[in-house]
file input_29.csv (CSV, C-alpha atoms and all ligand atoms)
chain,number,residue,atom,x,y,z
A,1,MET,CA,2.8,-0.4,-30.9
A,2,SER,CA,1.8,2.6,-28.8
A,3,MET,CA,4.0,4.0,-26.2
A,4,ILE,CA,3.0,2.8,-22.8
A,5,SER,CA,4.6,4.8,-20.1
A,6,ASP,CA,2.1,4.2,-17.3
A,7,THR,CA,2.3,1.0,-15.3
A,8,LEU,CA,-1.3,1.1,-14.1
A,9,THR,CA,-4.3,2.7,-15.8
A,10,ILE,CA,-7.6,2.9,-13.8
A,11,ALA,CA,-10.3,4.3,-16.0
A,12,ASN,CA,-13.8,5.3,-14.8
A,13,VAL,CA,-14.0,2.4,-12.3
A,14,SER,CA,-17.2,2.0,-10.3
A,15,GLN,CA,-18.0,-0.8,-7.8
A,16,THR,CA,-21.2,-1.7,-6.1
A,17,PHE,CA,-21.8,-4.4,-3.4
A,18,ALA,CA,-24.9,-5.9,-2.0
A,19,GLY,CA,-25.7,-4.3,1.4
A,20,ALA,CA,-27.1,-6.1,4.5
A,21,ALA,CA,-30.7,-6.2,3.0
A,22,GLY,CA,-29.4,-7.0,-0.5
A,23,GLU,CA,-29.7,-3.4,-1.6
A,24,PRO,CA,-27.0,-2.1,-3.9
A,25,VAL,CA,-24.3,-0.1,-2.1
A,26,GLU,CA,-22.1,2.1,-4.2
A,27,VAL,CA,-18.6,1.8,-3.0
A,28,LEU,CA,-16.5,3.4,-5.7
A,29,LYS,CA,-17.7,5.9,-8.1
A,30,ASP,CA,-16.0,6.8,-11.4
A,31,VAL,CA,-12.4,6.4,-10.2
A,32,SER,CA,-9.7,7.3,-12.7
A,33,LEU,CA,-6.0,7.2,-12.0
A,34,THR,CA,-2.8,6.4,-13.8
A,35,VAL,CA,0.3,5.3,-11.9
A,36,GLY,CA,3.7,5.7,-13.6
A,37,ARG,CA,6.6,3.3,-13.6
A,38,ASN,CA,8.6,3.4,-10.3
A,39,GLU,CA,6.1,5.8,-8.7
A,40,PHE,CA,5.2,5.7,-5.0
A,41,ILE,CA,1.6,6.7,-4.7
A,42,SER,CA,-0.5,6.7,-1.6
A,43,ILE,CA,-4.3,6.6,-1.2
A,44,ILE,CA,-5.9,8.2,1.8
A,45,GLY,CA,-9.5,8.6,2.8
A,46,PRO,CA,-12.0,7.9,5.6
A,47,SER,CA,-12.7,4.3,6.7
A,48,GLY,CA,-15.1,2.5,4.4
A,49,CYS,CA,-14.5,4.8,1.4
A,50,GLY,CA,-13.4,1.9,-0.7
A,51,LYS,CA,-9.6,1.9,-0.5
A,52,THR,CA,-9.2,-1.8,0.0
A,53,THR,CA,-11.9,-2.4,-2.6
A,54,LEU,CA,-9.8,-0.3,-5.1
A,55,LEU,CA,-6.6,-2.2,-4.2
A,56,ARG,CA,-8.3,-5.5,-4.6
A,57,LEU,CA,-9.4,-4.5,-8.1
A,58,ILE,CA,-5.8,-3.5,-9.0
A,59,ALA,CA,-4.6,-6.8,-7.6
A,60,GLY,CA,-7.1,-8.7,-9.8
A,61,LEU,CA,-8.8,-10.2,-6.8
A,62,SER,CA,-12.2,-8.9,-8.0
A,63,SER,CA,-13.6,-7.2,-11.0
A,64,PRO,CA,-15.4,-3.8,-11.2
A,65,LEU,CA,-19.0,-3.2,-12.0
A,66,SER,CA,-17.9,-0.8,-14.7
A,67,GLY,CA,-14.7,0.8,-16.0
A,68,GLU,CA,-11.4,-0.6,-16.9
A,69,LEU,CA,-8.1,-1.5,-15.1
A,70,LEU,CA,-4.9,-2.1,-17.1
A,71,MET,CA,-1.4,-3.0,-16.3
A,72,ASN,CA,1.2,-2.1,-18.9
A,73,GLY,CA,-1.7,-1.7,-21.4
A,74,ALA,CA,-3.2,-5.2,-20.8
A,75,PRO,CA,-6.5,-5.7,-18.9
A,76,ILE,CA,-6.1,-6.9,-15.3
A,77,LYS,CA,-8.2,-10.1,-15.1
A,78,THR,CA,-6.8,-12.2,-12.4
A,79,ALA,CA,-4.3,-12.0,-9.6
A,80,SER,CA,-0.7,-12.2,-10.8
A,81,SER,CA,2.8,-12.4,-9.2
A,82,GLU,CA,3.5,-9.2,-11.1
A,83,ARG,CA,1.4,-7.5,-8.5
A,84,GLY,CA,2.4,-8.3,-5.0
A,85,TYR,CA,-0.3,-7.6,-2.3
A,86,ILE,CA,0.3,-6.9,1.3
A,87,PHE,CA,-2.8,-7.3,3.3
A,88,GLN,CA,-4.3,-4.9,5.9
A,89,SER,CA,-3.2,-7.4,8.6
A,90,SER,CA,0.1,-9.2,7.8
A,91,GLY,CA,-1.8,-12.2,6.4
A,92,LEU,CA,1.0,-14.6,7.3
A,93,PHE,CA,0.1,-18.3,7.3
A,94,PRO,CA,0.0,-19.1,11.1
A,95,TRP,CA,0.9,-22.7,10.5
A,96,LEU,CA,4.2,-21.9,8.7
A,97,THR,CA,7.4,-20.6,10.0
A,98,VAL,CA,8.8,-17.2,8.9
A,99,GLU,CA,11.1,-18.7,6.3
A,100,LYS,CA,8.3,-21.0,5.0
A,101,ASN,CA,5.9,-18.0,4.8
A,102,ILE,CA,8.5,-16.1,2.8
A,103,ALA,CA,9.1,-19.1,0.5
A,104,ALA,CA,5.3,-19.7,0.0
A,105,GLY,CA,5.1,-17.7,-3.2
A,106,LEU,CA,8.0,-19.5,-4.8
A,107,LYS,CA,6.5,-22.8,-3.8
A,108,ALA,CA,3.1,-21.9,-5.3
A,109,ARG,CA,4.8,-21.1,-8.6
A,110,GLY,CA,7.0,-24.2,-8.6
A,111,LEU,CA,10.2,-22.1,-8.3
A,112,TYR,CA,11.2,-23.2,-4.8
A,113,LYS,CA,13.8,-25.8,-5.8
A,114,ALA,CA,15.6,-23.5,-8.2
A,115,ARG,CA,15.5,-20.4,-5.9
A,116,LYS,CA,15.6,-21.9,-2.5
A,117,SER,CA,18.9,-20.2,-1.6
A,118,GLU,CA,17.2,-16.8,-2.0
A,119,VAL,CA,14.9,-17.2,0.9
A,120,GLN,CA,17.7,-16.4,3.4
A,121,ARG,CA,18.5,-13.3,1.5
A,122,TYR,CA,15.0,-12.0,1.9
A,123,VAL,CA,15.0,-13.0,5.6
A,124,ASP,CA,18.1,-10.9,6.0
A,125,LEU,CA,16.8,-8.1,3.8
A,126,VAL,CA,14.0,-7.4,6.3
A,127,GLY,CA,16.1,-8.0,9.3
A,128,LEU,CA,14.6,-11.2,10.5
A,129,GLY,CA,17.8,-13.2,10.7
A,130,GLY,CA,17.6,-15.6,13.7
A,131,PHE,CA,13.8,-15.8,13.4
A,132,GLU,CA,13.6,-18.1,10.4
A,133,LYS,CA,12.1,-20.9,12.4
A,134,SER,CA,9.7,-18.8,14.4
A,135,TYR,CA,6.0,-19.0,13.8
A,136,PRO,CA,3.9,-15.8,13.4
A,137,HIS,CA,2.5,-15.9,17.0
A,138,GLN,CA,6.1,-16.0,18.3
A,139,ILE,CA,7.2,-12.7,16.6
A,140,SER,CA,6.0,-9.1,17.1
A,141,GLY,CA,3.5,-7.3,14.9
A,142,GLY,CA,6.3,-5.3,13.3
A,143,MET,CA,8.3,-8.4,12.5
A,144,ALA,CA,5.2,-10.1,11.1
A,145,GLN,CA,4.7,-7.1,8.8
A,146,ARG,CA,8.3,-7.3,7.7
A,147,ALA,CA,7.9,-11.0,7.0
A,148,ALA,CA,4.8,-10.2,4.9
A,149,ILE,CA,6.9,-7.6,3.0
A,150,ALA,CA,9.6,-10.1,2.3
A,151,ARG,CA,7.0,-12.7,1.2
A,152,ALA,CA,5.7,-10.2,-1.4
A,153,LEU,CA,9.2,-9.0,-2.5
A,154,ILE,CA,10.6,-12.5,-3.1
A,155,ASN,CA,8.3,-12.7,-6.2
A,156,ASN,CA,9.9,-9.5,-7.4
A,157,PRO,CA,6.6,-7.9,-8.3
A,158,GLU,CA,6.6,-5.0,-10.7
A,159,VAL,CA,3.9,-3.4,-8.6
A,160,LEU,CA,3.6,-3.7,-4.9
A,161,LEU,CA,0.1,-3.1,-3.4
A,162,LEU,CA,0.2,-2.2,0.3
A,163,ASP,CA,-3.0,-2.0,2.3
A,164,GLU,CA,-2.1,-0.1,5.5
A,165,PRO,CA,1.0,-2.3,5.8
A,166,LEU,CA,2.1,-0.5,9.0
A,167,GLY,CA,-1.3,0.3,10.4
A,168,ALA,CA,-1.1,-1.9,13.5
A,169,LEU,CA,2.3,-0.8,14.6
A,170,ASP,CA,3.5,1.7,17.3
A,171,SER,CA,4.8,4.9,15.9
A,172,PHE,CA,8.5,4.1,16.5
A,173,THR,CA,8.4,0.7,14.7
A,174,ARG,CA,6.3,2.4,12.1
A,175,MET,CA,8.8,5.1,11.4
A,176,SER,CA,11.7,2.7,11.0
A,177,LEU,CA,9.7,0.5,8.7
A,178,GLN,CA,8.8,3.5,6.6
A,179,ASP,CA,12.5,4.1,6.1
A,180,GLU,CA,12.9,0.4,5.2
A,181,LEU,CA,10.1,0.7,2.6
A,182,ILE,CA,11.8,3.7,1.0
A,183,ARG,CA,15.1,1.8,0.9
A,184,LEU,CA,13.5,-1.2,-0.7
A,185,TRP,CA,11.6,0.9,-3.2
A,186,ARG,CA,14.7,2.9,-4.3
A,187,GLU,CA,16.8,-0.3,-4.5
A,188,ARG,CA,14.3,-2.2,-6.6
A,189,GLY,CA,12.7,0.5,-8.6
A,190,ASN,CA,9.2,-1.1,-8.5
A,191,THR,CA,5.9,0.7,-8.4
A,192,MET,CA,4.3,1.2,-5.0
A,193,VAL,CA,0.6,1.8,-4.4
A,194,MET,CA,0.0,2.2,-0.7
A,195,VAL,CA,-3.3,2.7,1.3
A,196,THR,CA,-2.8,4.5,4.6
A,197,HIS,CA,-4.8,6.3,7.3
A,198,ASP,CA,-1.7,8.2,8.3
A,199,ILE,CA,-1.3,11.5,6.5
A,200,ASP,CA,2.3,11.9,7.7
A,201,GLU,CA,3.2,8.5,6.4
A,202,ALA,CA,1.7,9.4,3.0
A,203,ILE,CA,3.7,12.6,2.9
A,204,TYR,CA,6.9,10.9,4.1
A,205,LEU,CA,6.8,8.1,1.5
A,206,SER,CA,5.0,9.1,-1.6
A,207,ARG,CA,5.5,11.1,-4.7
A,208,ARG,CA,1.7,11.7,-5.1
A,209,ILE,CA,-1.2,11.4,-2.7
A,210,VAL,CA,-4.6,10.5,-3.8
A,211,MET,CA,-7.4,11.8,-1.6
A,212,MET,CA,-10.7,10.0,-1.6
A,213,SER,CA,-14.1,11.1,-0.4
A,214,PRO,CA,-16.3,9.2,2.0
A,215,ARG,CA,-18.3,6.4,0.4
A,216,PRO,CA,-19.0,6.2,-2.5
A,217,GLY,CA,-15.3,6.7,-2.8
A,218,ARG,CA,-14.3,9.3,-5.5
A,219,ILE,CA,-11.0,10.9,-6.0
A,220,VAL,CA,-11.3,14.4,-4.7
A,221,GLN,CA,-7.7,15.6,-5.3
A,222,ILE,CA,-4.3,14.3,-6.2
A,223,LEU,CA,-1.4,16.1,-4.6
A,224,ASP,CA,2.2,16.1,-5.7
A,225,VAL,CA,4.8,15.7,-3.0
A,226,PRO,CA,7.9,17.4,-4.5
A,227,MET,CA,10.4,17.0,-1.6
A,228,SER,CA,13.5,14.9,-2.1
A,229,TYR,CA,14.2,11.8,0.0
A,230,PRO,CA,14.9,11.3,2.8
A,231,ARG,CA,12.3,13.7,4.0
A,232,ASN,CA,12.2,15.7,7.2
A,233,ARG,CA,8.9,15.4,9.1
A,234,ALA,CA,9.6,18.6,10.9
A,235,ALA,CA,10.5,20.7,7.8
A,236,GLY,CA,8.3,23.6,6.8
A,237,ASP,CA,7.2,22.2,3.4
A,238,PHE,CA,6.3,18.9,5.1
A,239,THR,CA,4.0,20.6,7.7
A,240,ALA,CA,2.6,22.9,5.2
A,241,LEU,CA,1.5,19.9,3.1
A,242,ARG,CA,0.0,18.3,6.1
A,243,THR,CA,-2.0,21.4,6.9
A,244,GLN,CA,-3.2,21.5,3.3
A,245,ILE,CA,-4.4,17.9,3.4
A,246,LEU,CA,-6.1,18.3,6.8
A,247,LYS,CA,-7.9,21.4,5.5
A,248,ARG,CA,-9.1,19.6,2.4
A,249,MET,CA,-10.3,16.7,4.6
A,250,ASP,CA,-12.1,19.2,7.0
A,251,PHE,CA,-10.0,18.2,10.0
A,252,ALA,CA,-8.1,21.5,10.4
A,253,ARG,CA,-10.2,23.8,12.6
A,254,ASP,CA,-9.5,27.3,13.4
A,255,VAL,CA,-9.2,26.6,17.1
A,256,GLN,CA,-9.3,30.3,18.2
A,257,GLU,CA,-12.6,30.7,16.4
A,258,GLU,CA,-14.0,27.6,17.8
A,259,TYR,CA,-13.3,28.4,21.4
A,260,ALA,CA,-13.9,32.1,21.2
A,261,ILE,CA,-16.6,33.2,23.7
B,1,LIG,N1,-17.3,-8.2,-0.5
B,1,LIG,C1,-18.1,-7.2,-0.1
B,1,LIG,N2,-19.4,-7.3,0.0
B,1,LIG,C2,-20.2,-6.3,0.5
B,1,LIG,N3,-19.7,-5.1,0.9
B,1,LIG,C3,-18.4,-4.9,0.8
B,1,LIG,C4,-17.5,-5.9,0.4
B,1,LIG,N4,-16.2,-5.5,0.4
B,1,LIG,C5,-16.4,-4.2,0.9
B,1,LIG,N5,-17.7,-3.9,1.2
B,1,LIG,C6,-18.2,-2.6,1.6
B,1,LIG,O1,-17.5,-1.6,0.8
B,1,LIG,C7,-17.2,-0.4,1.6
B,1,LIG,C8,-15.8,-0.1,1.4
B,1,LIG,O2,-15.0,-1.1,2.0
B,1,LIG,P1,-13.4,-1.1,2.0
B,1,LIG,O3,-12.9,-2.2,2.7
B,1,LIG,O4,-12.9,-0.9,0.6
B,1,LIG,O5,-13.1,0.3,2.7
B,1,LIG,P2,-11.7,1.0,3.2
B,1,LIG,O6,-11.7,2.3,2.6
B,1,LIG,O7,-10.6,0.0,2.9
B,1,LIG,O8,-11.9,1.1,4.8
B,1,LIG,P3,-10.8,0.9,6.0
B,1,LIG,O9,-10.1,2.2,5.9
B,1,LIG,O10,-11.7,0.8,7.2
B,1,LIG,O11,-10.0,-0.3,5.7
B,1,LIG,C9,-17.6,-0.8,3.0
B,1,LIG,O12,-18.9,-0.2,3.2
B,1,LIG,C10,-17.8,-2.3,3.0
B,1,LIG,O13,-18.7,-2.7,3.9
B,2,MG,MG,-9.3,-1.1,4.1

call {"tool": "encode", "arguments": {"input": "input_29.csv", "output": "structure tokens"}}
result
Amino acid sequence: MSMISDTLTIANVSQTFAGAAGEPVEVLKDVSLTVGRNEFISIIGPSGCGKTTLLRLIAGLSSPLSGELLMNGAPIKTASSERGYIFQSSGLFPWLTVEKNIAAGLKARGLYKARKSEVQRYVDLVGLGGFEKSYPHQISGGMAQRAAIARALINNPEVLLLDEPLGALDSFTRMSLQDELIRLWRERGNTMVMVTHDIDEAIYLSRRIVMMSPRPGRIVQILDVPMSYPRNRAAGDFTALRTQILKRMDFARDVQEEYAI
């Protein structure tokens, strides 16, 4: 048996969809990436560059036009409870209460009877005690996102795929949930793959940042984030990394030059 140290291997993956007139649209182009055990990796890139497409491929929700995706050395063919998926919107079932949403994965796998008592633990883990019987429309966006995180975690996935999990939240809720994500990750030692639009969020949370080009999405650079946790958003190495990313993505202008008359 060969030594398999990487949890995920994505090798030369390309994806093409049919456009509005049926023409082929290249969405991902030759994407290769390995993700190590217990790593926290973020994927950033402009809207429409194929981030969700890539995450869905890793989840096993679709298959690539070409290339290969492996988890622990075995081809990813279908969705699996080994890989939890948190959608771009919370994706809670609107007709189920918070606790029933969290229990849904257990029910689907016929584990509910045996593990029923764990539901409350997950409710508490994400700070939703008192809201067990609430429906998604009765809780805030941040609480819904926390319920979605608990719903994924209760399956104890080895890999957690997060598609802009905090994207819809105000910056204060967002920052506190970022701390919660780090706590959960360090406590559980699972592998996190997170898509985000937010450069600071990527720097604050991840060990590596994958930068993608506009469509067709290719990996333009993978950056190491060497700072220890918890990180300081105002520290020099943090802001230096932010500047580096903004420059690479062409968003850092030399203001003086631009406004010079
Ligand atoms: N099932 C599909 N059929 C046809 N085209 C699709 C399909 N899924 C995605 N696309 C197209 O693929 C491209 C990439 O979409 P994707 O959702 O992966 O982007 P994204 O990087 O996640 O964007 P955002 O940051 O806005 O969420 C888009 O042009 C989209 O229209
Ligand atoms: Mg997306």

call {"tool": "residues_near_ligand", "arguments": {"input": "input_29.csv", "ligand": "ligand MG 2 (chain B)", "cutoff": "8 Å", "atoms": "all atoms listed in the file", "output": "list in words"}}
result
Ser47, Gly48, Gly50, Lys51, Thr52, Thr53, Gln88, Asp163, Glu164 and Val195 of chain A

call {"tool": "write_last_selection", "arguments": {"input": "input_29.csv", "atoms": "C-alpha atoms", "output": "PDB file, keeping the file's coordinate frame"}}
result
ATOM      1  CA  SER A  47     -12.700   4.300   6.700  1.00  0.00           C
ATOM      2  CA  GLY A  48     -15.100   2.500   4.400  1.00  0.00           C
ATOM      3  CA  GLY A  50     -13.400   1.900  -0.700  1.00  0.00           C
ATOM      4  CA  LYS A  51      -9.600   1.900  -0.500  1.00  0.00           C
ATOM      5  CA  THR A  52      -9.200  -1.800   0.000  1.00  0.00           C
ATOM      6  CA  THR A  53     -11.900  -2.400  -2.600  1.00  0.00           C
ATOM      7  CA  GLN A  88      -4.300  -4.900   5.900  1.00  0.00           C
ATOM      8  CA  ASP A 163      -3.000  -2.000   2.300  1.00  0.00           C
ATOM      9  CA  GLU A 164      -2.100  -0.100   5.500  1.00  0.00           C
ATOM     10  CA  VAL A 195      -3.300   2.700   1.300  1.00  0.00           C
TER      11      VAL A 195
END

call {"tool": "closest_residue", "arguments": {"input": "input_29.csv", "among": "A:Gln178, A:Asn232, A:Ser134, A:Asn12", "to": "A:Ala202", "atoms": "all atoms listed in the file"}}
result
A:Gln178

call {"tool": "residues_near_ligand", "arguments": {"input": "input_29.csv", "ligand": "ligand LIG 1 (chain B)", "cutoff": "12 Å", "atoms": "only C-alpha atoms and all ligand atoms", "output": "PyMOL selection string"}}
result
chain A and resi 14-29+43-57+61-64+87-89+162-165+167-168+194-198+211-218

call {"tool": "closest_residue", "arguments": {"input": "input_29.csv", "among": "A:Ala240, A:Leu128, A:Ile154, A:Leu8", "to": "A:Ile76", "atoms": "all atoms listed in the file"}}
result
A:Leu8

call {"tool": "residues_around", "arguments": {"input": "input_29.csv", "residues": "A:Glu99", "least_positions_apart": "4", "cutoff": "8 Å", "atoms": "all atoms listed in the file", "output": "count of residues only"}}
result
6

call {"tool": "atom_distance", "arguments": {"input": "input_29.csv", "atom1": "atom CA of A:Leu184", "atom2": "atom CA of A:Glu68"}}
result
29.7 Å

call {"tool": "closest_residue", "arguments": {"input": "input_29.csv", "among": "A:Ser117, A:Val126, A:Leu160, A:Ile209", "to": "A:Arg183", "atoms": "all atoms listed in the file"}}
result
A:Val126

call {"tool": "closest_residue", "arguments": {"input": "input_29.csv", "among": "A:Asn155, A:Ser206, A:Thr243, A:Thr173", "to": "A:Lys107", "atoms": "only C-alpha atoms"}}
result
A:Asn155

call {"tool": "closest_residue", "arguments": {"input": "input_29.csv", "among": "A:Gly236, A:Gly36, A:Pro75, A:Gly105", "to": "A:Asn156", "atoms": "all atoms listed in the file"}}
result
A:Gly105

call {"tool": "atom_distance", "arguments": {"input": "input_29.csv", "atom1": "atom CA of A:Ala150", "atom2": "atom CA of A:Arg207"}}
result
22.7 Å

call {"tool": "residues_around", "arguments": {"input": "input_29.csv", "residues": "A:Val210", "least_positions_apart": "2", "cutoff": "8 Å", "atoms": "all atoms listed in the file", "output": "tab-separated table (two decimals) with C-alpha atoms, keeping the file's coordinate frame"}}
result
chain	number	residue	atom	x	y	z
A	41	ILE	CA	1.60	6.70	-4.70
A	42	SER	CA	-0.50	6.70	-1.60
A	43	ILE	CA	-4.30	6.60	-1.20
A	44	ILE	CA	-5.90	8.20	1.80
A	208	ARG	CA	1.70	11.70	-5.10
A	212	MET	CA	-10.70	10.00	-1.60
A	219	ILE	CA	-11.00	10.90	-6.00
A	220	VAL	CA	-11.30	14.40	-4.70
A	221	GLN	CA	-7.70	15.60	-5.30
A	222	ILE	CA	-4.30	14.30	-6.20
A	223	LEU	CA	-1.40	16.10	-4.60

call {"tool": "atom_distance", "arguments": {"input": "input_29.csv", "atom1": "atom CA of A:Leu205", "atom2": "atom CA of A:Leu161"}}
result
13.9 Å

call {"tool": "decode", "arguments": {"input": "input_29.csv", "residues": "stretch 125-144 of chain A", "atoms": "C-alpha atoms", "output": "PDB file, in the first residue's frame"}}
result
ATOM      1  CA  LEU A 125     -22.138  23.572  20.287  1.00  0.00           C
ATOM      2  CA  VAL A 126     -23.249  26.313  17.906  1.00  0.00           C
ATOM      3  CA  GLY A 127     -24.987  28.324  20.606  1.00  0.00           C
ATOM      4  CA  LEU A 128     -28.574  27.721  19.524  1.00  0.00           C
ATOM      5  CA  GLY A 129     -29.894  26.512  22.897  1.00  0.00           C
ATOM      6  CA  GLY A 130     -33.445  27.853  23.333  1.00  0.00           C
ATOM      7  CA  PHE A 131     -34.106  27.883  19.589  1.00  0.00           C
ATOM      8  CA  GLU A 132     -34.459  24.122  19.045  1.00  0.00           C
ATOM      9  CA  LYS A 133     -38.131  24.444  18.148  1.00  0.00           C
ATOM     10  CA  SER A 134     -37.758  27.551  15.959  1.00  0.00           C
ATOM     11  CA  TYR A 135     -38.193  27.379  12.224  1.00  0.00           C
ATOM     12  CA  PRO A 136     -35.582  28.908   9.874  1.00  0.00           C
ATOM     13  CA  HIS A 137     -37.735  31.993   9.170  1.00  0.00           C
ATOM     14  CA  GLN A 138     -37.890  32.682  12.916  1.00  0.00           C
ATOM     15  CA  ILE A 139     -34.127  32.947  13.410  1.00  0.00           C
ATOM     16  CA  SER A 140     -31.512  35.394  12.135  1.00  0.00           C
ATOM     17  CA  GLY A 141     -29.230  34.760   9.158  1.00  0.00           C
ATOM     18  CA  GLY A 142     -26.269  34.150  11.473  1.00  0.00           C
ATOM     19  CA  MET A 143     -28.239  31.647  13.518  1.00  0.00           C
ATOM     20  CA  ALA A 144     -29.378  29.866  10.361  1.00  0.00           C
TER      21      ALA A 144
END
